[in-house]
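Down below is the structure, laid out as structure tokens.
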Amino acid sequence: MKEAFAGLSSDWKEGINWAAVRSWRLSRAREAMRRHGLGALLLMYDENMRYVSSTYTPGWNRLKPGLRYVVLCEGQEPIVYEQGDIGAHLRVHSPWIPEKNVRHSYSWIKGAVGPAAEQQVTKFVDALVADLEAAGVRQAPLGVDFIDINMLRAFERAGVIWTDGMSPMMEARAIKSPDEQKAARVVGAICDCLHYEFSQFLKPGLTENEVAAFGFEYLYRIPGMEDVEDVIVSSGPNAWPNWRNFSDRIIRPGELVIIDLAALTWNGFKSCVYRTYCVGGRPTEEMKRYYDIAHGWLWDAIGAVRPGASTADIAAKWPSAAEAWGYAEEDQAAANLWGHGLGLAQYDRPVISRIWSLEHPEEIQPGMVFALETQHGKTHEFGVRLEEMLLVTEDGHELLSTYASDEIISVG
């Protein structure tokens, strides 16, 4: 059913049960560890740390592997090595992490500390080995989601047996719990509402960056909004090939503008929803023809989404890069006809493309949340793009984004 609430829970209405979300995630991470024969996981990517520990970190701390990290040993509670003294907040606000498991990290900042890197990575590995020994998994494989040259050398010196830890985490994150599905519906609702607001705001004379700024301001006013990675605004010649950016370009009457709410983050959950607008005029017949082609590609792909189908079934609905644009290789059209999982990361599994999905299919399973997107255009003149978020259900799929997409949206 559609969301009957947003993020608020009360004594009379549960809303999203975040305790159940934490339990689901940790359970799936443990199952993935066992399936891959791991004794422990060392996690440095933000989405994996949050998945296992349900802890949140400031924006400047993100995307910098090693400033903080999480260790999950078989049979033990997560250990959070937090940056500096930020752990003081975890002890108050994250009581599901045992107090003794909140510690300060030993970082070498990917080598930015220069000659001190060996000193720091030695402290890091010594603490890690102590955790593994205390849990009785010192000789079992350690799954890691990030590695650098400093870690490689220190692991070799200490005799740490390490292997791929990202694949198990990708497997765990692929299926969303019932409460995570509720959160994804809220994200879809936010995207629908902002695209409507764009339809009221857009007019000739605005610059791409002014349009992006409107979107950023709208989103950051929403309770639970943690981050907005990107609001893509590409107009006129910037829309094909799709620059996937915004600039100071002035939008002229009658031009097409494509807007993507790319990776807004509401309570950890990401988005991706494109719409195409014609600003201050009506789209030409040529523009409509290109849009209808991209629209057909998208909805043919959506029609193939159901449990038991594969990513190959979806990708097969799209033309090859040679057929569509005369490209020599599929990789040249990467992200033009595209699908990608959504959750704590912008790229959960599955990721769908003719580049790999036809030869390496993955099964579509209930509980997956992903976006499908298609685009087309006339080089340096105009481009069209549209995208929908959807949830795989037990008997098909549910659209999470619903704002008008059957035709180019005329505004201003």
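Residue names in the structure tokens use chain letters A, B, ... in the order shown, residue numbers from 1 in each chain, and ligand numbers from 1 in the order shown.
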(request) Please identify all polymer residues within 7 Å of A:Pro283, counting only C-alpha atoms, omitting same-chain residues fewer than 5 positions from it, and present them as a list of chain:residue names. (result)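 Contacts, with the query itself left out: A:Gly254, A:Cys278, A:Lys288.
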(request) Give the alpha helix (DSSP H) residues of stretch 159-399 of chain A, as assigned by DSSP on the backbone, as a ChimeraX atom specification. (result) /A:166-174,178-201,208-220,285-303,311-315,321-325
Generate the output file for the selected residues, C-alpha atoms, as a compact mmCIF listing (two decimals), in the first residue's frame.
# COMPACT_ATOMS: atom_id res chain seq x y z
CA MET A 166 32.16 -6.22 -0.49
CA SER A 167 30.33 -9.00 -2.35
CA PRO A 168 28.76 -10.44 0.83
CA MET A 169 27.63 -6.95 1.84
CA MET A 170 26.17 -6.30 -1.62
CA GLU A 171 24.21 -9.54 -1.31
CA ALA A 172 22.93 -8.56 2.12
CA ARG A 173 21.85 -5.07 1.07
CA ALA A 174 20.03 -6.21 -2.08
CA PRO A 178 9.22 -4.42 4.97
CA ASP A 179 10.18 -1.31 6.94
CA GLU A 180 12.92 -0.39 4.47
CA GLN A 181 10.31 -0.69 1.73
CA LYS A 182 8.17 1.83 3.61
CA ALA A 183 11.13 4.22 3.66
CA ALA A 184 11.61 3.75 -0.09
CA ARG A 185 7.96 4.73 -0.62
CA VAL A 186 8.54 7.95 1.32
CA VAL A 187 11.55 8.72 -0.87
CA GLY A 188 9.41 8.16 -3.97
CA ALA A 189 6.78 10.54 -2.59
CA ILE A 190 9.42 13.22 -1.97
CA CYS A 191 10.61 12.91 -5.57
CA ASP A 192 7.06 13.14 -6.93
CA CYS A 193 6.37 16.29 -4.93
CA LEU A 194 9.60 18.04 -5.89
CA HIS A 195 9.10 17.28 -9.58
CA TYR A 196 5.66 18.88 -9.26
CA GLU A 197 7.28 21.91 -7.63
CA PHE A 198 9.74 22.11 -10.53
CA SER A 199 6.76 22.22 -12.90
CA GLN A 200 5.57 25.35 -11.06
CA PHE A 201 9.02 26.96 -10.78
CA GLU A 208 20.61 25.54 -14.60
CA ASN A 209 22.28 26.27 -11.28
CA GLU A 210 19.28 28.36 -10.11
CA VAL A 211 17.01 25.40 -10.84
CA ALA A 212 19.37 23.07 -8.97
CA ALA A 213 19.49 25.49 -6.03
CA PHE A 214 15.68 25.49 -5.84
CA GLY A 215 15.75 21.69 -5.59
CA PHE A 216 18.48 21.65 -2.95
CA GLU A 217 16.66 24.21 -0.79
CA TYR A 218 13.35 22.32 -1.05
CA LEU A 219 14.95 19.03 -0.07
CA TYR A 220 16.97 20.30 2.87
CA GLU A 285 7.18 16.91 -33.03
CA GLU A 286 10.81 15.85 -33.28
CA MET A 287 11.28 16.21 -29.53
CA LYS A 288 8.10 14.20 -28.92
CA ARG A 289 9.32 11.46 -31.24
CA TYR A 290 12.60 11.09 -29.36
CA TYR A 291 10.74 11.09 -26.05
CA ASP A 292 8.28 8.44 -27.20
CA ILE A 293 11.18 6.19 -28.16
CA ALA A 294 12.85 6.57 -24.74
CA HIS A 295 9.47 6.14 -23.03
CA GLY A 296 8.90 2.90 -24.90
CA TRP A 297 12.32 1.57 -23.93
CA LEU A 298 11.62 2.32 -20.26
CA TRP A 299 8.15 0.83 -20.04
CA ASP A 300 9.09 -2.26 -21.99
CA ALA A 301 11.81 -2.81 -19.37
CA ILE A 302 9.45 -2.12 -16.45
CA GLY A 303 7.05 -4.68 -17.91
CA THR A 311 18.43 -8.73 -15.29
CA ALA A 312 19.02 -10.16 -18.76
CA ASP A 313 15.25 -10.18 -19.38
CA ILE A 314 15.17 -6.47 -18.56
CA ALA A 315 18.29 -5.47 -20.50
CA ALA A 321 24.37 0.96 -28.36
CA ALA A 322 25.06 0.40 -32.05
CA GLU A 323 21.36 0.26 -32.90
CA ALA A 324 20.40 3.27 -30.82
CA TRP A 325 23.32 5.65 -31.41
(message) With DSSP run on the backbone, what are the strand (DSSP E) residues within stretch 240-271 of chain A? I'd like them as an MDAnalysis selection string.
(response) chainID A and resid 255:266 269:270
Who sits within 10 Å of A:Gln83, only C-alpha atoms, same chain under 2 positions skipped, as a compact mmCIF listing (two decimals) with C-alpha atoms, in the first residue's frame:
# COMPACT_ATOMS: atom_id res chain seq x y z
CA THR A 57 28.52 10.18 10.52
CA ASN A 61 33.61 12.10 7.30
CA GLY A 66 39.67 4.70 7.12
CA LEU A 67 38.59 7.81 9.00
CA ARG A 68 36.15 5.45 10.70
CA TYR A 69 35.47 1.74 10.31
CA VAL A 80 32.58 0.94 15.78
CA TYR A 81 35.95 2.64 15.44
CA ASP A 85 35.98 11.66 19.98
CA ILE A 86 32.72 11.55 17.98
CA GLY A 87 32.09 8.21 19.69
CA ARG A 103 36.28 3.17 20.16
CA HIS A 104 38.43 5.73 18.38
CA SER A 105 39.88 4.94 14.98
CA TYR A 106 43.51 4.73 13.88
CA SER A 107 43.65 6.47 10.52
(request) Give me the residues within 8 Å of stretch 360-364 of chain A as a PyMOL selection string, counting only C-alpha atoms and dropping any in the same chain fewer than 4 places off. (result) chain A and resi 305-312+350+356+368+392
For the residues selected in the previous step, produce a file with all heavy atoms as a compact mmCIF listing (two decimals), in the first residue's frame.
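Saved result, selection.txt, follows:
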# COMPACT_ATOMS: atom_id res chain seq x y z
N VAL A 305 9.80 -6.64 -15.21
CA VAL A 305 10.21 -6.75 -13.80
C VAL A 305 9.20 -7.58 -13.03
O VAL A 305 8.04 -7.21 -12.87
CB VAL A 305 10.35 -5.36 -13.16
CG1 VAL A 305 10.69 -5.50 -11.67
CG2 VAL A 305 11.42 -4.54 -13.87
N ARG A 306 9.66 -8.72 -12.55
CA ARG A 306 8.84 -9.59 -11.71
C ARG A 306 9.77 -10.61 -11.06
O ARG A 306 10.86 -10.89 -11.57
CB ARG A 306 7.77 -10.31 -12.53
CG ARG A 306 8.32 -11.20 -13.63
CD ARG A 306 7.24 -11.75 -14.53
NE ARG A 306 7.80 -12.57 -15.58
CZ ARG A 306 8.31 -12.08 -16.71
NH1 ARG A 306 8.31 -10.77 -16.92
NH2 ARG A 306 8.81 -12.90 -17.62
N PRO A 307 9.37 -11.19 -9.93
CA PRO A 307 10.21 -12.21 -9.29
C PRO A 307 10.46 -13.38 -10.24
O PRO A 307 9.55 -13.81 -10.96
CB PRO A 307 9.36 -12.64 -8.09
CG PRO A 307 8.44 -11.52 -7.83
CD PRO A 307 8.13 -10.93 -9.17
N GLY A 308 11.67 -13.87 -10.22
CA GLY A 308 12.03 -15.00 -11.08
C GLY A 308 12.55 -14.59 -12.43
O GLY A 308 13.21 -15.39 -13.10
N ALA A 309 12.26 -13.37 -12.86
CA ALA A 309 12.87 -12.87 -14.09
C ALA A 309 14.34 -12.56 -13.79
O ALA A 309 14.79 -12.66 -12.64
CB ALA A 309 12.14 -11.62 -14.57
N SER A 310 15.07 -12.18 -14.81
CA SER A 310 16.49 -11.88 -14.61
C SER A 310 16.81 -10.49 -15.14
O SER A 310 16.02 -9.88 -15.88
CB SER A 310 17.37 -12.91 -15.32
OG SER A 310 17.35 -12.68 -16.72
N THR A 311 17.97 -10.01 -14.76
CA THR A 311 18.43 -8.73 -15.29
C THR A 311 18.62 -8.80 -16.79
O THR A 311 18.49 -7.79 -17.49
CB THR A 311 19.75 -8.31 -14.62
OG1 THR A 311 20.71 -9.38 -14.73
CG2 THR A 311 19.54 -8.00 -13.14
N ALA A 312 18.90 -10.00 -17.31
CA ALA A 312 19.02 -10.16 -18.76
C ALA A 312 17.67 -9.93 -19.44
O ALA A 312 17.60 -9.35 -20.53
CB ALA A 312 19.55 -11.55 -19.10
N PRO A 350 20.41 -4.97 -7.92
CA PRO A 350 21.18 -5.24 -9.13
C PRO A 350 21.52 -3.96 -9.90
O PRO A 350 20.83 -2.94 -9.75
CB PRO A 350 20.20 -6.09 -9.95
CG PRO A 350 18.86 -5.53 -9.60
CD PRO A 350 18.95 -5.13 -8.14
N TRP A 356 26.73 -5.95 -19.38
CA TRP A 356 27.04 -7.20 -18.66
C TRP A 356 25.83 -8.09 -18.38
O TRP A 356 25.98 -9.28 -18.20
CB TRP A 356 27.72 -6.90 -17.32
CG TRP A 356 27.03 -5.86 -16.50
CD1 TRP A 356 25.84 -5.96 -15.86
CD2 TRP A 356 27.47 -4.52 -16.29
NE1 TRP A 356 25.50 -4.78 -15.24
CE2 TRP A 356 26.49 -3.88 -15.49
CE3 TRP A 356 28.60 -3.80 -16.68
CZ2 TRP A 356 26.62 -2.55 -15.09
CZ3 TRP A 356 28.72 -2.49 -16.28
CH2 TRP A 356 27.74 -1.87 -15.49
N MET A 368 13.68 -6.30 -3.70
CA MET A 368 14.66 -5.44 -4.37
C MET A 368 14.02 -4.09 -4.67
O MET A 368 12.85 -4.01 -5.05
CB MET A 368 15.16 -6.07 -5.66
CG MET A 368 16.11 -7.23 -5.49
SD MET A 368 16.69 -7.87 -7.09
CE MET A 368 18.05 -8.91 -6.56
N VAL A 392 10.22 -4.54 -6.15
CA VAL A 392 9.79 -5.86 -6.62
C VAL A 392 8.93 -6.49 -5.53
O VAL A 392 9.36 -6.62 -4.38
CB VAL A 392 11.00 -6.76 -6.94
CG1 VAL A 392 10.52 -8.11 -7.49
CG2 VAL A 392 11.92 -6.07 -7.95
Give me, as a PDB file with N, CA and C atoms, in the first residue's frame, all polymer residues having an atom no more than 9 Å from A:Phe246, counting only C-alpha atoms and skipping those fewer than 2 positions away in the same chain.
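In the end it all went to part.pdb:
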ATOM      1  N   THR A 207      18.804  30.005 -14.823  1.00  0.00           N
ATOM      2  CA  THR A 207      19.987  29.221 -15.171  1.00  0.00           C
ATOM      3  C   THR A 207      19.859  27.831 -14.570  1.00  0.00           C
ATOM      4  N   GLU A 208      20.628  26.911 -15.120  1.00  0.00           N
ATOM      5  CA  GLU A 208      20.607  25.537 -14.596  1.00  0.00           C
ATOM      6  C   GLU A 208      20.928  25.518 -13.110  1.00  0.00           C
ATOM      7  N   ASN A 209      21.904  26.316 -12.693  1.00  0.00           N
ATOM      8  CA  ASN A 209      22.281  26.270 -11.277  1.00  0.00           C
ATOM      9  C   ASN A 209      21.199  26.878 -10.387  1.00  0.00           C
ATOM     10  N   VAL A 211      17.981  26.483 -10.943  1.00  0.00           N
ATOM     11  CA  VAL A 211      17.009  25.400 -10.836  1.00  0.00           C
ATOM     12  C   VAL A 211      17.504  24.361  -9.836  1.00  0.00           C
ATOM     13  N   ALA A 212      18.796  24.021  -9.922  1.00  0.00           N
ATOM     14  CA  ALA A 212      19.369  23.066  -8.974  1.00  0.00           C
ATOM     15  C   ALA A 212      19.268  23.599  -7.549  1.00  0.00           C
ATOM     16  N   VAL A 231      21.497  17.281  -7.683  1.00  0.00           N
ATOM     17  CA  VAL A 231      20.293  17.577  -8.452  1.00  0.00           C
ATOM     18  C   VAL A 231      20.794  17.909  -9.850  1.00  0.00           C
ATOM     19  N   ILE A 232      20.600  16.983 -10.764  1.00  0.00           N
ATOM     20  CA  ILE A 232      21.112  17.157 -12.120  1.00  0.00           C
ATOM     21  C   ILE A 232      20.130  18.002 -12.912  1.00  0.00           C
ATOM     22  N   VAL A 233      20.624  19.065 -13.532  1.00  0.00           N
ATOM     23  CA  VAL A 233      19.808  19.930 -14.392  1.00  0.00           C
ATOM     24  C   VAL A 233      20.586  20.156 -15.679  1.00  0.00           C
ATOM     25  N   SER A 234      20.132  19.563 -16.770  1.00  0.00           N
ATOM     26  CA  SER A 234      20.815  19.694 -18.058  1.00  0.00           C
ATOM     27  C   SER A 234      19.818  20.192 -19.094  1.00  0.00           C
ATOM     28  N   SER A 235      20.144  21.293 -19.753  1.00  0.00           N
ATOM     29  CA  SER A 235      19.227  21.902 -20.712  1.00  0.00           C
ATOM     30  C   SER A 235      19.859  22.005 -22.090  1.00  0.00           C
ATOM     31  N   ASN A 238      23.300  20.702 -23.407  1.00  0.00           N
ATOM     32  CA  ASN A 238      23.896  19.949 -22.298  1.00  0.00           C
ATOM     33  C   ASN A 238      23.168  18.636 -22.025  1.00  0.00           C
ATOM     34  N   TRP A 243      25.024  15.508 -19.890  1.00  0.00           N
ATOM     35  CA  TRP A 243      26.207  15.896 -19.121  1.00  0.00           C
ATOM     36  C   TRP A 243      26.094  15.436 -17.668  1.00  0.00           C
ATOM     37  N   ARG A 244      24.863  15.227 -17.192  1.00  0.00           N
ATOM     38  CA  ARG A 244      24.616  14.800 -15.807  1.00  0.00           C
ATOM     39  C   ARG A 244      25.252  15.759 -14.806  1.00  0.00           C
ATOM     40  N   ASP A 248      25.986  27.311 -15.438  1.00  0.00           N
ATOM     41  CA  ASP A 248      25.365  28.640 -15.405  1.00  0.00           C
ATOM     42  C   ASP A 248      24.595  28.929 -16.696  1.00  0.00           C
ATOM     43  N   ARG A 249      24.312  27.890 -17.483  1.00  0.00           N
ATOM     44  CA  ARG A 249      23.630  28.097 -18.762  1.00  0.00           C
ATOM     45  C   ARG A 249      22.218  28.650 -18.551  1.00  0.00           C
TER      46      ARG A 249
END
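Considering only C-alpha atoms, the residue among A:Val52, A:Leu372, A:Leu256, A:Leu261 positioned nearest to A:Gly412 is A:Leu256.
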(request) Have a look at atom CA of A:Ile258 and atom CA of A:Ala404 and let me know their distance in Å, one decimal. (result) 13.7 Å
(request) Fewer than 4 positions away in the same chain doesn't count, so skip those; otherwise give me all residues within 12 Å of A:Ser320, counting only C-alpha atoms, as a ChimeraX atom specification. (result) /A:297,315-316,324-334,336-337,353-355,358
For the residues in the current selection, export C-alpha atoms as a PDB file, in the first residue's frame.
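Below is the file that was written, part-v6.pdb:
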ATOM      1  CA  TRP A 297      12.323   1.574 -23.931  1.00  0.00           C
ATOM      2  CA  ALA A 315      18.290  -5.469 -20.503  1.00  0.00           C
ATOM      3  CA  ALA A 316      17.074  -7.412 -23.564  1.00  0.00           C
ATOM      4  CA  ALA A 324      20.403   3.269 -30.821  1.00  0.00           C
ATOM      5  CA  TRP A 325      23.324   5.646 -31.413  1.00  0.00           C
ATOM      6  CA  GLY A 326      25.800   3.986 -33.744  1.00  0.00           C
ATOM      7  CA  TYR A 327      28.365   3.428 -31.006  1.00  0.00           C
ATOM      8  CA  ALA A 328      31.070   0.825 -31.506  1.00  0.00           C
ATOM      9  CA  GLU A 329      30.908  -0.566 -27.950  1.00  0.00           C
ATOM     10  CA  GLU A 330      28.203  -0.945 -25.320  1.00  0.00           C
ATOM     11  CA  ASP A 331      30.500   0.703 -22.757  1.00  0.00           C
ATOM     12  CA  GLN A 332      30.317   3.928 -24.757  1.00  0.00           C
ATOM     13  CA  ALA A 333      26.632   4.114 -23.782  1.00  0.00           C
ATOM     14  CA  ALA A 334      27.147   3.280 -20.108  1.00  0.00           C
ATOM     15  CA  ASN A 336      22.162   5.600 -21.052  1.00  0.00           C
ATOM     16  CA  LEU A 337      19.886   2.561 -20.736  1.00  0.00           C
ATOM     17  CA  SER A 353      22.978  -2.843 -18.453  1.00  0.00           C
ATOM     18  CA  ARG A 354      23.468  -4.534 -21.800  1.00  0.00           C
ATOM     19  CA  ILE A 355      27.201  -4.227 -21.050  1.00  0.00           C
ATOM     20  CA  LEU A 358      22.918 -10.365 -21.014  1.00  0.00           C
TER      21      LEU A 358
END
(message) Which residue is closest to A:Val411? Choose from A:Leu202, A:Met151, A:Leu132, A:Val121 and count only C-alpha atoms.
(response)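 Closest to A:Val411, using only C-alpha atoms: A:Leu202.
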(message) For A:His380, find every residue with an atom within 9 Å (counting only C-alpha atoms), except residues of its own chain fewer than 4 positions away, and show them as a PyMOL selection string.
(response) chain A and resi 236-241
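The space separating atom CA of A:Gly37 from atom CA of A:Leu142 comes to 9.2 Å.
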(message) Could you check the closest approach to A:Met33 for each of A:Gly136, A:Val144, A:Trp12, A:Asp126 and tell me which residue wins, using only C-alpha atoms?
(response)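 Closest residue, counting only C-alpha atoms: A:Val144.
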